[in-house]
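Structure below is protein.pdb: PDB, C-alpha atoms and all ligand atoms.
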```pdb
MODEL        1
ATOM      1  CA  MET D 407      24.188  63.553 142.754
ATOM      2  CA  PRO D 408      27.226  61.584 141.479
ATOM      3  CA  GLN D 409      26.114  58.711 139.266
ATOM      4  CA  PRO D 410      27.746  55.806 141.250
ATOM      5  CA  VAL D 411      25.895  56.824 144.440
ATOM      6  CA  LYS D 412      22.623  57.031 142.565
ATOM      7  CA  THR D 413      23.252  53.658 140.908
ATOM      8  CA  GLY D 414      24.043  52.131 144.313
ATOM      9  CA  ILE D 415      20.817  53.426 145.843
ATOM     10  CA  TYR D 416      18.864  52.189 142.830
ATOM     11  CA  LYS D 417      20.361  48.686 143.095
ATOM     12  CA  ALA D 418      19.716  48.551 146.858
ATOM     13  CA  ARG D 419      16.086  49.518 146.261
ATOM     14  CA  LEU D 420      15.738  46.809 143.599
ATOM     15  CA  SER D 421      17.105  44.150 145.946
ATOM     16  CA  TYR D 422      14.707  45.226 148.699
ATOM     17  CA  GLN D 423      11.786  45.104 146.261
ATOM     18  CA  ARG D 424      12.792  41.622 145.098
ATOM     19  CA  VAL D 425      12.787  40.282 148.641
ATOM     20  CA  LYS D 426       9.441  41.939 149.381
ATOM     21  CA  ARG D 427       7.896  40.546 146.208
ATOM     22  CA  PHE D 428       9.204  37.049 146.803
ATOM     23  CA  ALA D 429       7.829  37.043 150.370
ATOM     24  CA  PHE D 430       4.455  38.307 149.161
ATOM     25  CA  GLU D 431       4.173  35.703 146.411
ATOM     26  CA  ALA D 432       5.083  32.927 148.828
ATOM     27  CA  SER D 433       2.466  34.031 151.342
ATOM     28  CA  HIS D 434      -0.369  34.432 148.775
ATOM     29  CA  PRO D 435      -0.675  31.122 146.920
ATOM     30  CA  GLY D 436      -3.566  30.658 144.528
ATOM     31  CA  SER D 437      -4.608  31.392 140.957
ATOM     32  CA  GLN D 438      -7.622  33.684 141.149
ATOM     33  CA  PHE D 439      -5.527  36.606 139.822
ATOM     34  CA  GLY D 440      -3.294  36.747 136.771
ATOM     35  CA  CYS D 441      -0.844  39.130 135.110
ATOM     36  CA  ASN D 442      -1.009  39.781 131.358
ATOM     37  CA  TYR D 443       2.692  40.721 131.209
ATOM     38  CA  CYS D 444       4.475  37.812 132.875
ATOM     39  CA  GLY D 445       1.632  35.261 132.820
ATOM     40  CA  THR D 446       1.948  34.572 136.555
ATOM     41  CA  LYS D 447      -1.152  33.298 138.362
ATOM     42  CA  MET D 448      -1.373  34.299 142.020
ATOM     43  CA  GLY D 449      -3.576  34.548 145.082
ATOM     44  CA  ALA D 450      -3.342  38.339 145.185
ATOM     45  CA  PHE D 451      -1.689  41.340 143.609
ATOM     46  CA  MET D 452       0.308  43.535 145.989
ATOM     47  CA  PRO D 453      -1.326  46.707 147.318
ATOM     48  CA  ASP D 454       0.271  49.963 146.193
ATOM     49  CA  GLY D 455      -0.452  53.670 145.818
ATOM     50  CA  GLU D 456      -0.129  56.936 147.698
ATOM     51  CA  PRO D 457      -1.772  56.911 151.151
ATOM     52  CA  HIS D 458      -2.898  60.564 151.222
ATOM     53  CA  GLN D 459      -6.397  61.576 152.313
ATOM     54  CA  ILE D 460      -6.983  64.059 149.483
ATOM     55  CA  LEU D 461      -6.903  61.160 146.992
ATOM     56  CA  VAL D 462      -9.682  59.441 148.938
ATOM     57  CA  ASP D 463     -11.714  62.640 149.408
ATOM     58  CA  LEU D 464     -11.572  63.469 145.687
ATOM     59  CA  GLN D 465     -11.911  59.826 144.571
ATOM     60  CA  VAL D 466      -8.787  60.245 142.440
ATOM     61  CA  LEU D 467      -8.387  57.293 140.092
ATOM     62  CA  SER D 468      -5.195  55.254 139.831
ATOM     63  CA  ALA D 469      -3.324  57.240 142.485
ATOM     64  CA  GLY D 470      -4.457  56.291 146.005
ATOM     65  CA  VAL D 471      -3.903  52.920 147.622
ATOM     66  CA  ARG D 472      -5.333  50.048 145.575
ATOM     67  CA  GLU D 473      -5.626  46.621 147.130
ATOM     68  CA  HIS D 474      -4.766  44.750 143.923
ATOM     69  CA  CYS D 475      -2.164  46.861 142.165
ATOM     70  CA  ARG D 476       1.337  45.407 141.663
ATOM     71  CA  CYS D 477       2.197  42.037 140.206
ATOM     72  CA  PRO D 478       4.610  40.503 142.718
ATOM     73  CA  HIS D 479       6.456  38.784 139.896
ATOM     74  CA  CYS D 480       7.060  41.464 137.204
ATOM     75  CA  TYR D 481       5.896  44.509 139.180
ATOM     76  CA  SER D 482       3.281  45.598 136.601
ATOM     77  CA  LYS D 483       0.694  48.016 137.978
ATOM     78  CA  ASP D 484      -3.063  47.820 137.461
ATOM     79  CA  ARG D 485      -2.890  50.620 134.914
ATOM     80  CA  ASP D 486      -0.053  48.932 132.979
ATOM     81  CA  ARG D 487      -2.218  45.828 132.611
ATOM     82  CA  LEU D 488      -5.161  47.949 131.444
ATOM     83  CA  ILE D 489      -3.064  49.741 128.812
ATOM     84  CA  ARG D 490      -1.729  46.460 127.422
ATOM     85  CA  PHE D 491      -5.216  45.034 126.967
ATOM     86  CA  PHE D 492      -6.344  48.268 125.350
ATOM     87  CA  ILE D 493      -3.427  48.340 122.918
ATOM     88  CA  GLU D 494      -3.856  44.657 122.030
ATOM     89  CA  ARG D 495      -7.611  44.804 121.539
ATOM     90  CA  LYS D 496      -8.336  48.323 120.287
ATOM     91  CA  THR D 497      -5.309  49.449 118.259
ATOM     92  CA  HIS D 498      -3.085  48.172 115.431
ATOM     93  CA  LEU D 499       0.136  48.849 117.325
ATOM     94  CA  LEU D 500       1.230  45.221 117.275
ATOM     95  CA  SER D 501       0.632  44.566 113.594
ATOM     96  CA  GLU D 502       1.762  47.721 111.761
ATOM     97  CA  PRO D 503       5.084  49.563 111.561
ATOM     98  CA  ASN D 504       4.915  52.437 114.038
ATOM     99  CA  THR D 505       7.216  54.989 115.570
ATOM    100  CA  VAL D 506       6.353  55.187 119.262
ATOM    101  CA  LEU D 507       7.380  57.927 121.676
ATOM    102  CA  HIS D 508       6.997  56.767 125.274
ATOM    103  CA  PHE D 509       7.553  59.256 128.092
ATOM    104  CA  ALA D 510       8.514  58.110 131.599
ATOM    105  CA  PRO D 511       8.329  54.487 130.448
ATOM    106  CA  GLU D 512       6.816  52.044 132.888
ATOM    107  CA  PRO D 513       9.446  49.240 133.087
ATOM    108  CA  VAL D 514       7.120  46.386 132.085
ATOM    109  CA  VAL D 515       5.622  48.357 129.206
ATOM    110  CA  ARG D 516       9.100  49.355 128.011
ATOM    111  CA  LYS D 517      10.224  45.729 128.065
ATOM    112  CA  TRP D 518       7.119  44.696 126.098
ATOM    113  CA  PHE D 519       7.580  47.435 123.459
ATOM    114  CA  ASN D 520      11.265  46.552 123.136
ATOM    115  CA  SER D 521      10.243  43.008 122.213
ATOM    116  CA  LEU D 522       8.060  44.183 119.301
ATOM    117  CA  ASN D 523       9.999  44.143 116.033
ATOM    118  CA  ASN D 524       7.542  46.322 114.126
ATOM    119  CA  LEU D 525       8.213  49.398 116.291
ATOM    120  CA  VAL D 526      10.736  52.175 116.173
ATOM    121  CA  TYR D 527      10.638  52.702 119.901
ATOM    122  CA  ILE D 528      11.815  55.950 121.507
ATOM    123  CA  ASN D 529      11.543  56.037 125.302
ATOM    124  CA  ALA D 530      12.484  59.124 127.260
ATOM    125  CA  ASP D 531      12.641  60.675 130.708
ATOM    126  CA  LEU D 532      14.361  63.603 132.369
ATOM    127  CA  ASP D 533      16.184  61.047 134.543
ATOM    128  CA  PRO D 534      18.775  59.076 132.522
ATOM    129  CA  MET D 535      18.362  56.112 134.906
ATOM    130  CA  LEU D 536      14.767  55.614 133.817
ATOM    131  CA  ALA D 537      14.861  55.626 130.010
ATOM    132  CA  ASP D 538      17.101  55.345 126.956
ATOM    133  CA  GLU D 539      16.848  59.034 126.029
ATOM    134  CA  VAL D 540      16.935  62.166 128.173
ATOM    135  CA  MET D 541      14.176  64.533 127.094
ATOM    136  CA  ASP D 542      12.271  67.483 128.454
ATOM    137  CA  ILE D 543       8.626  67.001 127.554
ATOM    138  CA  THR D 544       8.208  70.759 127.172
ATOM    139  CA  ALA D 545      10.970  70.912 124.517
ATOM    140  CA  ILE D 546      10.943  67.574 122.688
ATOM    141  CA  PRO D 547      13.987  67.295 120.393
ATOM    142  CA  LEU D 548      12.064  65.612 117.570
ATOM    143  CA  GLN D 549      10.791  66.873 114.235
ATOM    144  CA  LYS D 550       7.161  67.827 113.965
ATOM    145  CA  GLU D 551       4.856  65.043 112.778
ATOM    146  CA  SER D 552       7.544  62.382 113.254
ATOM    147  CA  VAL D 553       5.834  59.828 115.519
ATOM    148  CA  ASP D 554       2.739  57.686 115.043
ATOM    149  CA  VAL D 555       2.006  56.914 118.666
ATOM    150  CA  VAL D 556       2.619  58.695 121.982
ATOM    151  CA  ILE D 557       2.337  56.952 125.332
ATOM    152  CA  CYS D 558       2.580  59.345 128.264
ATOM    153  CA  ASN D 559       1.005  58.139 131.480
ATOM    154  CA  HIS D 560       1.073  59.910 134.836
ATOM    155  CA  VAL D 561       3.521  62.565 133.675
ATOM    156  CA  LEU D 562       1.496  65.733 133.043
ATOM    157  CA  GLU D 563       0.556  66.173 136.711
ATOM    158  CA  HIS D 564       4.272  66.741 137.417
ATOM    159  CA  ILE D 565       4.783  69.420 134.763
ATOM    160  CA  PRO D 566       4.152  73.056 135.764
ATOM    161  CA  ASN D 567       3.423  74.099 132.166
ATOM    162  CA  ASP D 568       1.339  71.089 131.175
ATOM    163  CA  GLY D 569      -0.177  73.028 128.260
ATOM    164  CA  LEU D 570       3.277  73.381 126.722
ATOM    165  CA  ALA D 571       3.916  69.635 127.230
ATOM    166  CA  MET D 572       0.594  68.807 125.534
ATOM    167  CA  ARG D 573       1.446  71.131 122.631
ATOM    168  CA  GLU D 574       4.823  69.424 122.224
ATOM    169  CA  LEU D 575       3.228  65.966 122.179
ATOM    170  CA  PHE D 576       0.705  67.211 119.623
ATOM    171  CA  ARG D 577       3.448  68.787 117.488
ATOM    172  CA  VAL D 578       5.515  65.594 117.157
ATOM    173  CA  MET D 579       2.488  63.400 116.372
ATOM    174  CA  LYS D 580       1.729  62.639 112.738
ATOM    175  CA  PRO D 581      -1.751  63.462 111.475
ATOM    176  CA  GLY D 582      -3.704  60.224 111.967
ATOM    177  CA  GLY D 583      -1.556  59.377 114.984
ATOM    178  CA  TRP D 584      -2.823  58.610 118.443
ATOM    179  CA  ALA D 585      -1.811  58.983 122.054
ATOM    180  CA  ILE D 586      -2.707  57.532 125.424
ATOM    181  CA  LEU D 587      -2.396  60.313 127.999
ATOM    182  CA  GLN D 588      -3.403  59.024 131.429
ATOM    183  CA  VAL D 589      -3.297  61.228 134.544
ATOM    184  CA  PRO D 590      -4.552  60.949 138.104
ATOM    185  CA  ILE D 591      -8.016  62.451 137.781
ATOM    186  CA  SER D 592     -10.945  63.171 140.064
ATOM    187  CA  PRO D 593     -14.370  62.342 138.637
ATOM    188  CA  ILE D 594     -16.018  64.683 141.158
ATOM    189  CA  LEU D 595     -13.851  67.736 140.517
ATOM    190  CA  ASP D 596     -15.205  70.074 137.832
ATOM    191  CA  LYS D 597     -12.035  72.127 137.552
ATOM    192  CA  THR D 598      -8.430  71.019 137.933
ATOM    193  CA  ILE D 599      -6.767  72.260 141.112
ATOM    194  CA  GLU D 600      -3.138  73.282 140.923
ATOM    195  CA  ASP D 601      -0.486  75.362 142.603
ATOM    196  CA  LEU D 602       2.784  76.092 140.832
ATOM    197  CA  SER D 603       4.367  77.961 143.727
ATOM    198  CA  ASP D 604       7.234  76.664 145.831
ATOM    199  CA  LEU D 605       5.497  74.276 148.259
ATOM    200  CA  SER D 606       7.049  71.738 150.609
ATOM    201  CA  HIS D 607       6.796  68.035 149.808
ATOM    202  CA  ALA D 608       4.413  67.585 152.743
ATOM    203  CA  GLU D 609       2.133  70.352 151.486
ATOM    204  CA  ARG D 610       2.086  68.846 147.989
ATOM    205  CA  GLU D 611       1.169  65.461 149.465
ATOM    206  CA  ARG D 612      -1.627  67.059 151.475
ATOM    207  CA  ARG D 613      -3.069  69.023 148.558
ATOM    208  CA  PHE D 614      -2.203  66.928 145.500
ATOM    209  CA  GLY D 615      -1.542  63.438 146.864
ATOM    210  CA  GLN D 616       2.141  63.121 145.939
ATOM    211  CA  ARG D 617       5.272  65.026 146.886
ATOM    212  CA  ASP D 618       6.076  66.053 143.313
ATOM    213  CA  HIS D 619       2.604  66.650 141.859
ATOM    214  CA  VAL D 620       1.576  70.198 141.009
ATOM    215  CA  ARG D 621      -2.127  69.454 140.388
ATOM    216  CA  ILE D 622      -5.057  67.066 140.504
ATOM    217  CA  TYR D 623      -6.955  67.017 137.255
ATOM    218  CA  GLY D 624     -10.718  67.364 137.173
ATOM    219  CA  LYS D 625     -13.345  66.920 134.488
ATOM    220  CA  ASP D 626     -11.833  69.828 132.516
ATOM    221  CA  TYR D 627      -8.822  67.626 131.605
ATOM    222  CA  VAL D 628     -10.526  66.725 128.325
ATOM    223  CA  GLU D 629     -11.117  70.411 127.516
ATOM    224  CA  ARG D 630      -7.438  71.132 128.182
ATOM    225  CA  LEU D 631      -6.436  68.440 125.670
ATOM    226  CA  MET D 632      -9.022  69.553 123.118
ATOM    227  CA  SER D 633      -7.860  73.180 123.351
ATOM    228  CA  ILE D 634      -4.459  71.979 122.065
ATOM    229  CA  GLY D 635      -6.070  70.270 119.058
ATOM    230  CA  PHE D 636      -6.440  66.668 120.223
ATOM    231  CA  GLU D 637      -9.657  64.806 119.602
ATOM    232  CA  VAL D 638     -10.347  62.864 122.778
ATOM    233  CA  LYS D 639     -12.285  59.644 123.220
ATOM    234  CA  GLN D 640     -12.958  58.467 126.764
ATOM    235  CA  ILE D 641     -12.928  54.678 126.683
ATOM    236  CA  GLU D 642     -14.157  52.584 129.611
ATOM    237  CA  PRO D 643     -12.475  49.238 130.409
ATOM    238  CA  SER D 644     -15.861  47.487 130.149
ATOM    239  CA  SER D 645     -15.945  48.268 126.414
ATOM    240  CA  PHE D 646     -13.073  45.857 125.727
ATOM    241  CA  LEU D 647     -12.802  43.668 128.860
ATOM    242  CA  SER D 648     -15.331  41.410 130.560
ATOM    243  CA  ASP D 649     -16.104  41.832 134.272
ATOM    244  CA  THR D 650     -14.262  38.570 134.913
ATOM    245  CA  GLU D 651     -11.156  39.797 133.061
ATOM    246  CA  ILE D 652     -11.195  43.112 134.933
ATOM    247  CA  GLU D 653     -11.342  41.323 138.262
ATOM    248  CA  HIS D 654      -8.878  38.565 137.372
ATOM    249  CA  HIS D 655      -6.229  41.037 136.172
ATOM    250  CA  GLY D 656      -6.631  43.465 139.063
ATOM    251  CA  ILE D 657      -7.772  46.331 136.844
ATOM    252  CA  LEU D 658      -9.744  49.365 138.034
ATOM    253  CA  ALA D 659     -13.135  49.176 136.325
ATOM    254  CA  GLN D 660     -13.544  52.975 136.599
ATOM    255  CA  GLU D 661     -10.242  53.859 134.965
ATOM    256  CA  THR D 662     -11.170  55.668 131.781
ATOM    257  CA  ILE D 663      -8.622  55.655 128.969
ATOM    258  CA  TYR D 664      -7.973  59.062 127.397
ATOM    259  CA  PHE D 665      -7.400  58.143 123.764
ATOM    260  CA  CYS D 666      -6.262  61.209 121.872
ATOM    261  CA  THR D 667      -5.984  61.533 118.119
ATOM    262  CA  LYS D 668      -4.724  64.142 115.676
ATOM    263  CA  SER D 669      -6.731  64.440 112.509
TER     264      SER D 669
HETATM  265 ZN    ZN Q   1       3.386  40.137 136.153
ENDMDL
END
```
Rewrite the structure from the file as structure tokens, please.
Ligand SMILES: [Zn+2]
Amino acid sequence: MPQPVKTGIYKARLSYQRVKRFAFEASHPGSQFGCNYCGTKMGAFMPDGEPHQILVDLQVLSAGVREHCRCPHCYSKDRDRLIRFFIERKTHLLSEPNTVLHFAPEPVVRKWFNSLNNLVYINADLDPMLADEVMDITAIPLQKESVDVVICNHVLEHIPNDGLAMRELFRVMKPGGWAILQVPISPILDKTIEDLSDLSHAERERRFGQRDHVRIYGKDYVERLMSIGFEVKQIEPSSFLSDTEIEHHGILAQETIYFCTKS
């Protein structure tokens, strides 16, 4: 697609979102909810998520429709707010020099990282509209052991050869480095379900909950990561947030963080 057309569509979408957000904020006054990116207090976060039945049936976390998901002011999602708290409370990312590789950067997280002077911040996507660098996660153009921290959320479920992507992330991480690798995951599915064949968008939505997803991860996600060499800690929000904070910031209490290290 020629770039000007794409840019035009992108700008039109942004304007529509702005109007929608403004209308939502105006119609939900209050202060019982709050965003840890923009500091806005509000009567409600905006609902968001994919409306497909398979996500309900398999209880897939952070993928189906969530009532309190998007901040109407800065557009942070529930999982963006969770990650920020985790990084602030459980890592040294803010206080030490670090080289960070961030795939498919969430806009609010990217803006936050860009404001941190202690980071060498590399953000990348296949789509040049969405990040500073164009990169294929299955062939990362970086030296081995060159980054301290990898952030890669809700990417692997799009990648047919996710094992190769995991190996690439592991390769570029320094020993002692860490990664947050979140995916939509079903806590009731023992084995990941996937289909790499040429399916229609509708069929992918029906089977995997989104038009461009090739799988839904199950409990074997951790084994997949460990088989690459990662050590994986599963960290629950309640271990670093109070119940009140979880509720106030519209965070999913069940959303485990997959904290992966390289020894
Ligand atoms: Zn916000």
Could the residues that lie within 10 Å of ligand ZN 1 (chain Q), counting only C-alpha atoms and all ligand atoms, be listed as a list in words?
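Here is the list of contacting residues: Gly440, Cys441, Asn442, Tyr443, Cys444, Gly445, Thr446, Lys447, Met448, Phe451, Arg476, Cys477, Pro478, His479, Cys480, Tyr481, Ser482, Lys483, Asp486, Arg487, Val514 and His655 of chain D.
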Residues of region 511-589 of chain D that have any atom at most 8 Å from an atom of region 627-650 of chain D: could you tabulate them with the shortest-distance atom pair and the distance in Å to one decimal, using only C-alpha atoms, ordered by chain and increasing number, as a Markdown table?
```
| residue | atom | partner | partner_atom | distance |
| --- | --- | --- | --- | --- |
| D:Gly569 | CA | D:Arg630 | CA | 7.5 |
| D:Met572 | CA | D:Ile634 | CA | 6.9 |
| D:Arg573 | CA | D:Ile634 | CA | 6.0 |
| D:Phe576 | CA | D:Phe636 | CA | 7.2 |
```
Taking C-alpha atoms for each residue, export the selection above as a PDB file, in the frame of the given file.
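The new file part.pdb reads:
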```pdb
ATOM      1  CA  GLY D 569      -0.177  73.028 128.260  1.00  0.00           C
ATOM      2  CA  MET D 572       0.594  68.807 125.534  1.00  0.00           C
ATOM      3  CA  ARG D 573       1.446  71.131 122.631  1.00  0.00           C
ATOM      4  CA  PHE D 576       0.705  67.211 119.623  1.00  0.00           C
TER       5      PHE D 576
END
```
Run the PyMOL selection byres (((chain D and resi 563) around 12) and not hetatm) against the file shown and list the residues it catches, as a CSV table (one decimal) with C-alpha atoms, in the frame of the given file.
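Output below, filename expr_15.csv:
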```csv
chain,number,residue,atom,x,y,z
D,469,ALA,CA,-3.3,57.2,142.5
D,558,CYS,CA,2.6,59.3,128.3
D,559,ASN,CA,1.0,58.1,131.5
D,560,HIS,CA,1.1,59.9,134.8
D,561,VAL,CA,3.5,62.6,133.7
D,562,LEU,CA,1.5,65.7,133.0
D,564,HIS,CA,4.3,66.7,137.4
D,565,ILE,CA,4.8,69.4,134.8
D,566,PRO,CA,4.2,73.1,135.8
D,567,ASN,CA,3.4,74.1,132.2
D,568,ASP,CA,1.3,71.1,131.2
D,569,GLY,CA,-0.2,73.0,128.3
D,571,ALA,CA,3.9,69.6,127.2
D,572,MET,CA,0.6,68.8,125.5
D,587,LEU,CA,-2.4,60.3,128.0
D,588,GLN,CA,-3.4,59.0,131.4
D,589,VAL,CA,-3.3,61.2,134.5
D,590,PRO,CA,-4.6,60.9,138.1
D,591,ILE,CA,-8.0,62.5,137.8
D,598,THR,CA,-8.4,71.0,137.9
D,599,ILE,CA,-6.8,72.3,141.1
D,600,GLU,CA,-3.1,73.3,140.9
D,601,ASP,CA,-0.5,75.4,142.6
D,602,LEU,CA,2.8,76.1,140.8
D,610,ARG,CA,2.1,68.8,148.0
D,614,PHE,CA,-2.2,66.9,145.5
D,615,GLY,CA,-1.5,63.4,146.9
D,616,GLN,CA,2.1,63.1,145.9
D,617,ARG,CA,5.3,65.0,146.9
D,618,ASP,CA,6.1,66.1,143.3
D,619,HIS,CA,2.6,66.6,141.9
D,620,VAL,CA,1.6,70.2,141.0
D,621,ARG,CA,-2.1,69.5,140.4
D,622,ILE,CA,-5.1,67.1,140.5
D,623,TYR,CA,-7.0,67.0,137.3
D,624,GLY,CA,-10.7,67.4,137.2
D,627,TYR,CA,-8.8,67.6,131.6
```
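Once the PyMOL selection byres (((chain D and resi 433) around 12) and not hetatm) is applied to this file, the selection holds Lys426, Arg427, Phe428, Ala429, Phe430, Glu431, Ala432, His434, Pro435, Gly436, Met448, Gly449, Ala450, Phe451, Met452 and Pro478 of chain D.
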Check which residues satisfy the PyMOL selection byres (((chain D and resi 551) around 7) and not hetatm) in the file shown, then give them as a ChimeraX atom specification.
/D:549-550,552-553,577-581
Step by step, gather every atom of region 604-607 of chain D that the file lists, find the box along x, y and z that holds them, add 5 Å on each side, and finally give centre and edge lengths in Å to one decimal, as lines of an AutoDock Vina configuration file.
```
center_x = 6.4
center_y = 72.3
center_z = 148.2
size_x = 11.7
size_y = 18.6
size_z = 14.8
```
